[in-house]
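Visitor: Have a look at this one before I ask anything.
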Amino acid sequence: MPYRYDLVTGKNGFWENTDPVRLADQYGSPLYVYNERILRERCREMRDLVDYPNFHVNYSAKANTNLSLLRIIREEGLYVDAMSLGEIAIEEAAGFDAKHIFFISNNVSPEEMAEVIRKGIYVGVDSVSQLEMFGQLCPGGKVCVRLNTGVGAGHNAKVVTGGHETKFGIDPELYDEMRRVSDKYGLHLTGINQHIGSGFLTSEEFLEGTRRLLEVCMDYPELETIDLGGGFGIPYHKADGQDRLDLAPLGAELSKMFKEFAAAYGREVEIKIEPGRYIVAECCVLLGTVYDTKTVYENRFAGTDLGFNVLVRPVMYDAWHDVEIYRPNGEDTGKRQVVSVVGNICESGDTIAPKRELPEILKGDLIGVMDAGAYGYSMSSNYNSRLRPAEVLITTEGEVKLIRRRDRLEDLLAGFETC
Ligand code: LLP
């Protein structure tokens, strides 16, 4: 029996009737592997979060834009948000209608905004000057404004998007000016949105942000949509038994707030949330291969093909991902060690799991990086002119499907103009 150190996938049945060694053999390494069952479960949990008739979930596609995953998410009844024309193009290809896409703009050019308006996609603006731009392009139009009510939260300062230290949203001091600009162009402020940040595991900040936003919404009589943003965190420390975000009390509190708001406002305005990570993070394991083990002075390294071009989160945010070990041939050596799992990029910071206490890792082992589905492939790059990995899906029917091929060397050369 080959050795498995699989504290997470051993419990959640991630591999279904296949196994990581077989997948790496067939599709190569590194490899993003997704599990459809888990993806659908997460969609349903968000869809059923509240008891309020006019509630919708906009999946925040920046977390993962794989076309096949987007199709599944659409089948589950979710809508989508988009940050760019590129995301819109993929969402359209996945079958989303313009009316189910919400464009959340940030510092966009007039050309980009004009094209989104032309497509009939609802636009959210992020500043008074971008509202002015919208007014010039679409006088008399319906628009959503992103407010910054002063509440922020997130797993790292880089992903806190509400409060004083962020570029996002319109600050309350400017609400009057925002209305003036809106009136000047005969606009209808039919939407208000916010997003306080990404990756919170307690509900307080989200509830506080929601409370504040709903209070402000009372001053806007034309509302059709209120979008509360995403940010719902997932337990990245599953191997240590970290708790999940408790959705039941959060949902109950939100349901109560929404109903009270509807009663006070006089209408059941559509209310949306915008989770990205919660939907896609946990349905994915990133597989890599150990090609070297070495000790440099007192430090032990397992050298893999998981460079930060493949998964940048640990390098960019000091983010933690649980790591598993799969040994194609061989037993547990019984030894444990403190080891840094590193990649193949020419930078010392190229570490996917620094100084972990793990069973001894050997050359030829496969490494599984847990919860890699959100901001994994979507933030990957060709740095060091490395090829981005393939993506495969373990379907609910128990098949394995290639859902994106690995880059080819010719992809690296494709954009160059000869001179
Ligand atoms: N809505 C808006 C307007 C956003 O900017 C974001 C994420 C979301 C929704 C979805 O947030 P989520 O539910 O996924 O937390 N690359 C970072 C996260 C950046 C989030 C950017 N905005 C990471 O890997 O942790």
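Simple scheme: letters A, B, ... for chains in structure tokens order, numbers from 1 for residues in each chain, numbers from 1 for ligands in the order shown.
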When the cut-off is 6 Å and you count only C-alpha atoms and all ligand atoms, which residues lie near ligand 1, shown as a list in words?

Guide: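 Those within range of ligand 1 are Ser60, Ala63, Val159, His195, Ser198, Gly199, Gly229, Gly230, Gly231, Phe232, Glu274, Pro275, Gly276, Arg277, Tyr278, Arg313 and Tyr375 of chain A.
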
Visitor: Among region 30-106 of chain A, which ones does DSSP place in strand (DSSP E or B), written as a PyMOL selection string?

Guide: chain A and resi 31-35+55-60+79-82+101-104

Visitor: Determine the nearest neighbour of Asn382 (chain A) from the options A:Tyr32, A:Tyr122, A:Tyr326, A:Phe308, counting only C-alpha atoms.

Guide: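 Closest residue, counting only C-alpha atoms: A:Phe308.
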
Visitor: May I have the residues within 10 Å of Asn156 (chain A) as a list in words, using only C-alpha atoms and disregarding those fewer than 6 positions away in the same chain?

Guide: Gly197, Ser198, Gly199, Phe200, Met316, Tyr317, Asp318 and Ala319 of chain A

Visitor: Could you dump the residues just selected with N, CA, C and O atoms as a PDB file, in the first residue's frame?

Guide:
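This went into result14.pdb:
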ATOM      1  N   GLY A 197     -13.907  43.141   2.229  1.00  0.00           N
ATOM      2  CA  GLY A 197     -12.601  42.486   2.186  1.00  0.00           C
ATOM      3  C   GLY A 197     -12.776  40.986   2.063  1.00  0.00           C
ATOM      4  O   GLY A 197     -13.902  40.486   1.985  1.00  0.00           O
ATOM      5  N   SER A 198     -11.662  40.280   2.082  1.00  0.00           N
ATOM      6  CA  SER A 198     -11.674  38.892   1.655  1.00  0.00           C
ATOM      7  C   SER A 198     -11.101  37.948   2.715  1.00  0.00           C
ATOM      8  O   SER A 198     -10.008  38.172   3.223  1.00  0.00           O
ATOM      9  N   GLY A 199     -11.878  36.915   3.024  1.00  0.00           N
ATOM     10  CA  GLY A 199     -11.321  35.842   3.851  1.00  0.00           C
ATOM     11  C   GLY A 199     -11.551  35.998   5.333  1.00  0.00           C
ATOM     12  O   GLY A 199     -10.692  35.621   6.132  1.00  0.00           O
ATOM     13  N   PHE A 200     -12.737  36.502   5.727  1.00  0.00           N
ATOM     14  CA  PHE A 200     -13.007  36.588   7.174  1.00  0.00           C
ATOM     15  C   PHE A 200     -13.674  35.294   7.635  1.00  0.00           C
ATOM     16  O   PHE A 200     -14.432  34.660   6.894  1.00  0.00           O
ATOM     17  N   MET A 316       2.616  35.940  -1.727  1.00  0.00           N
ATOM     18  CA  MET A 316       2.036  37.279  -1.763  1.00  0.00           C
ATOM     19  C   MET A 316       1.400  37.689  -0.440  1.00  0.00           C
ATOM     20  O   MET A 316       1.437  38.856  -0.063  1.00  0.00           O
ATOM     21  N   TYR A 317       0.771  36.727   0.253  1.00  0.00           N
ATOM     22  CA  TYR A 317       0.028  37.084   1.485  1.00  0.00           C
ATOM     23  C   TYR A 317       0.500  36.302   2.699  1.00  0.00           C
ATOM     24  O   TYR A 317      -0.200  36.300   3.720  1.00  0.00           O
ATOM     25  N   ASP A 318       1.622  35.588   2.588  1.00  0.00           N
ATOM     26  CA  ASP A 318       1.998  34.636   3.646  1.00  0.00           C
ATOM     27  C   ASP A 318       0.851  33.670   3.930  1.00  0.00           C
ATOM     28  O   ASP A 318       0.621  33.289   5.083  1.00  0.00           O
ATOM     29  N   ALA A 319       0.117  33.327   2.908  1.00  0.00           N
ATOM     30  CA  ALA A 319      -1.072  32.496   3.114  1.00  0.00           C
ATOM     31  C   ALA A 319      -0.676  31.047   3.404  1.00  0.00           C
ATOM     32  O   ALA A 319       0.297  30.534   2.857  1.00  0.00           O
TER      33      ALA A 319
END

Visitor: Check the smallest atom-to-atom distance from each of A:Ala252, A:Ile325, A:Ile345, A:Ile352 to Tyr3 (chain A) using only C-alpha atoms, then report the winner.

Guide: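 When distances to Tyr3 (chain A) are compared using only C-alpha atoms, the smallest one comes from A:Ile325.
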
Visitor: I need the residues in region 301-362 of chain A that are helix (DSSP H, G or I) according to DSSP; give them as an MDAnalysis selection string.

Guide: chainID A and resid 313:317

Visitor: Give me the residues within 7 Å of Tyr291 (chain A) as a list in words, counting only C-alpha atoms and dropping any in the same chain fewer than 3 places off.

Guide: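 Contacts, with the query itself left out: Gly303, Thr304, Lys363 and Gly364 of chain A.
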
Visitor: Write out the residues from the selection above, keeping C-alpha atoms, as a PDB file, in the first residue's frame.

Guide:
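Output contents, as saved in out_13.pdb:
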ATOM      1  CA  GLY A 303      12.193  21.106  -4.048  1.00  0.00           C
ATOM      2  CA  THR A 304       9.102  20.834  -6.226  1.00  0.00           C
ATOM      3  CA  LYS A 363      12.305  12.547  -3.936  1.00  0.00           C
ATOM      4  CA  GLY A 364       9.533  11.315  -6.214  1.00  0.00           C
TER       5      GLY A 364
END

Visitor: Enter the distance from CA of Thr225 (chain A) to CA of Asn64 (chain A), in Å, rounded to one decimal.

Guide: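 Interatomic distance here is 24.4 Å.
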
Visitor: Please provide the set of residues having any atom within 12 Å of Gly169 (chain A), restricted to only C-alpha atoms, with same-chain residues fewer than 3 positions apart removed, written as a VMD selection string.

Guide: chain A and resid 104 to 107 124 to 131 144 to 152 160 to 166 172 to 175 178 192 to 197 229

Visitor: Kindly save the residues from that selection, with N, CA, C and O atoms included, as a compact mmCIF listing (two decimals), in the first residue's frame.

Guide:
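Written out: selection_28.txt:
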# COMPACT_ATOMS: atom_id res chain seq x y z
N ILE A 104 -18.28 45.25 -11.77
CA ILE A 104 -17.83 46.06 -10.63
C ILE A 104 -16.54 46.74 -11.06
O ILE A 104 -15.48 46.14 -11.07
N SER A 105 -16.66 47.99 -11.44
CA SER A 105 -15.51 48.62 -12.07
C SER A 105 -14.59 49.27 -11.04
O SER A 105 -15.00 49.64 -9.96
N ASN A 106 -13.34 49.37 -11.42
CA ASN A 106 -12.36 50.07 -10.61
C ASN A 106 -11.34 50.68 -11.56
O ASN A 106 -10.64 49.96 -12.26
N ASN A 107 -11.33 52.02 -11.60
CA ASN A 107 -10.36 52.74 -12.43
C ASN A 107 -10.38 52.29 -13.90
O ASN A 107 -9.32 52.06 -14.49
N GLY A 124 -21.41 48.96 -11.82
CA GLY A 124 -21.18 49.57 -10.52
C GLY A 124 -19.95 50.46 -10.63
O GLY A 124 -18.93 50.04 -11.18
N VAL A 125 -20.05 51.70 -10.14
CA VAL A 125 -18.88 52.59 -10.19
C VAL A 125 -18.31 52.76 -8.78
O VAL A 125 -19.02 52.60 -7.80
N ASP A 126 -17.05 53.15 -8.76
CA ASP A 126 -16.29 53.08 -7.53
C ASP A 126 -15.84 54.46 -7.03
O ASP A 126 -15.13 54.56 -6.04
N SER A 127 -16.24 55.52 -7.73
CA SER A 127 -15.84 56.85 -7.31
C SER A 127 -16.78 57.85 -7.96
O SER A 127 -17.50 57.51 -8.91
N VAL A 128 -16.73 59.09 -7.47
CA VAL A 128 -17.60 60.12 -8.04
C VAL A 128 -17.15 60.43 -9.47
O VAL A 128 -17.97 60.65 -10.35
N SER A 129 -15.85 60.41 -9.70
CA SER A 129 -15.40 60.76 -11.06
C SER A 129 -15.76 59.66 -12.06
O SER A 129 -16.06 59.93 -13.21
N GLN A 130 -15.77 58.40 -11.58
CA GLN A 130 -16.20 57.33 -12.50
C GLN A 130 -17.73 57.37 -12.69
O GLN A 130 -18.23 56.96 -13.73
N LEU A 131 -18.43 57.92 -11.71
CA LEU A 131 -19.87 58.12 -11.90
C LEU A 131 -20.10 59.18 -12.98
O LEU A 131 -20.98 59.04 -13.84
N CYS A 144 -25.09 51.56 -10.37
CA CYS A 144 -24.86 51.15 -8.98
C CYS A 144 -23.63 51.88 -8.46
O CYS A 144 -22.67 52.07 -9.22
N VAL A 145 -23.66 52.29 -7.21
CA VAL A 145 -22.48 52.97 -6.64
C VAL A 145 -21.90 52.13 -5.51
O VAL A 145 -22.64 51.56 -4.70
N ARG A 146 -20.58 52.06 -5.48
CA ARG A 146 -19.91 51.28 -4.44
C ARG A 146 -19.56 52.21 -3.29
O ARG A 146 -18.78 53.16 -3.45
N LEU A 147 -20.13 51.96 -2.14
CA LEU A 147 -19.90 52.82 -0.98
C LEU A 147 -18.88 52.17 -0.06
O LEU A 147 -18.74 50.95 0.00
N ASN A 148 -18.19 53.03 0.65
CA ASN A 148 -17.24 52.57 1.67
C ASN A 148 -17.73 53.10 3.00
O ASN A 148 -17.52 54.25 3.34
N THR A 149 -18.44 52.22 3.73
CA THR A 149 -19.07 52.67 4.98
C THR A 149 -18.10 52.66 6.16
O THR A 149 -18.50 52.87 7.30
N GLY A 150 -16.83 52.37 5.88
CA GLY A 150 -15.82 52.45 6.94
C GLY A 150 -15.48 51.12 7.59
O GLY A 150 -14.60 51.05 8.44
N VAL A 151 -16.15 50.04 7.19
CA VAL A 151 -15.86 48.73 7.79
C VAL A 151 -14.99 47.91 6.83
O VAL A 151 -15.31 47.82 5.64
N GLY A 152 -13.92 47.34 7.35
CA GLY A 152 -13.07 46.50 6.51
C GLY A 152 -12.71 45.22 7.26
O GLY A 152 -12.75 45.17 8.49
N VAL A 160 -8.02 43.83 2.38
CA VAL A 160 -9.07 44.56 3.09
C VAL A 160 -9.53 45.68 2.15
O VAL A 160 -8.72 46.49 1.71
N THR A 161 -10.81 45.71 1.83
CA THR A 161 -11.26 46.64 0.78
C THR A 161 -12.31 47.63 1.28
O THR A 161 -12.96 48.30 0.50
N GLY A 162 -12.48 47.70 2.61
CA GLY A 162 -13.36 48.72 3.18
C GLY A 162 -12.58 49.44 4.27
O GLY A 162 -11.58 48.92 4.77
N GLY A 163 -13.02 50.64 4.62
CA GLY A 163 -12.32 51.38 5.67
C GLY A 163 -11.40 52.43 5.07
O GLY A 163 -11.43 52.69 3.86
N HIS A 164 -10.54 52.99 5.91
CA HIS A 164 -9.79 54.19 5.51
C HIS A 164 -8.59 53.91 4.62
O HIS A 164 -8.16 54.77 3.87
N GLU A 165 -8.01 52.71 4.71
CA GLU A 165 -6.72 52.47 4.04
C GLU A 165 -6.87 51.73 2.72
O GLU A 165 -6.05 50.90 2.38
N THR A 166 -7.91 51.98 1.99
CA THR A 166 -8.11 51.24 0.75
C THR A 166 -8.54 52.18 -0.37
O THR A 166 -9.12 53.24 -0.11
N PRO A 172 -18.34 58.48 2.85
CA PRO A 172 -19.60 59.15 3.17
C PRO A 172 -19.56 60.67 2.96
O PRO A 172 -20.58 61.27 2.61
N GLU A 173 -18.40 61.28 3.11
CA GLU A 173 -18.25 62.73 2.89
C GLU A 173 -18.67 63.13 1.47
O GLU A 173 -18.97 64.28 1.21
N LEU A 174 -18.59 62.17 0.56
CA LEU A 174 -18.84 62.49 -0.85
C LEU A 174 -20.22 62.07 -1.34
O LEU A 174 -20.53 62.20 -2.53
N TYR A 175 -21.06 61.59 -0.43
CA TYR A 175 -22.39 61.12 -0.87
C TYR A 175 -23.19 62.25 -1.53
O TYR A 175 -23.89 62.03 -2.51
N MET A 178 -21.94 62.91 -4.93
CA MET A 178 -22.36 61.78 -5.76
C MET A 178 -23.80 62.00 -6.27
O MET A 178 -24.09 61.81 -7.45
N ILE A 192 -26.71 49.78 -4.84
CA ILE A 192 -25.64 50.17 -3.91
C ILE A 192 -24.89 48.89 -3.59
O ILE A 192 -25.51 47.84 -3.31
N ASN A 193 -23.56 48.96 -3.67
CA ASN A 193 -22.79 47.78 -3.29
C ASN A 193 -21.63 48.14 -2.41
O ASN A 193 -21.22 49.31 -2.33
N GLN A 194 -21.12 47.14 -1.73
CA GLN A 194 -19.87 47.28 -0.99
C GLN A 194 -19.20 45.92 -0.93
O GLN A 194 -19.83 44.89 -1.20
N HIS A 195 -17.94 45.92 -0.62
CA HIS A 195 -17.21 44.66 -0.39
C HIS A 195 -16.16 45.01 0.64
O HIS A 195 -15.27 45.82 0.38
N ILE A 196 -16.28 44.43 1.83
CA ILE A 196 -15.42 44.92 2.94
C ILE A 196 -14.03 44.28 2.91
O ILE A 196 -13.10 44.81 3.49
N GLY A 197 -13.91 43.14 2.23
CA GLY A 197 -12.60 42.49 2.19
C GLY A 197 -12.78 40.99 2.06
O GLY A 197 -13.90 40.49 1.98
N GLY A 229 -21.41 42.26 -1.16
CA GLY A 229 -20.02 41.85 -1.37
C GLY A 229 -19.78 40.41 -0.91
O GLY A 229 -20.69 39.70 -0.49

Visitor: Report, in Å with one decimal, the straight-line distance from CA of Lys184 (chain A) to CA of Ile121 (chain A).

Guide: 22.2 Å

Visitor: Please identify all polymer residues within 7 Å of region 209-218 of chain A, counting only C-alpha atoms, omitting same-chain residues fewer than 3 positions from it, and present them as number ranges by chain.

Guide: A: 149, 151, 205-206, 221, 228, 261, 265
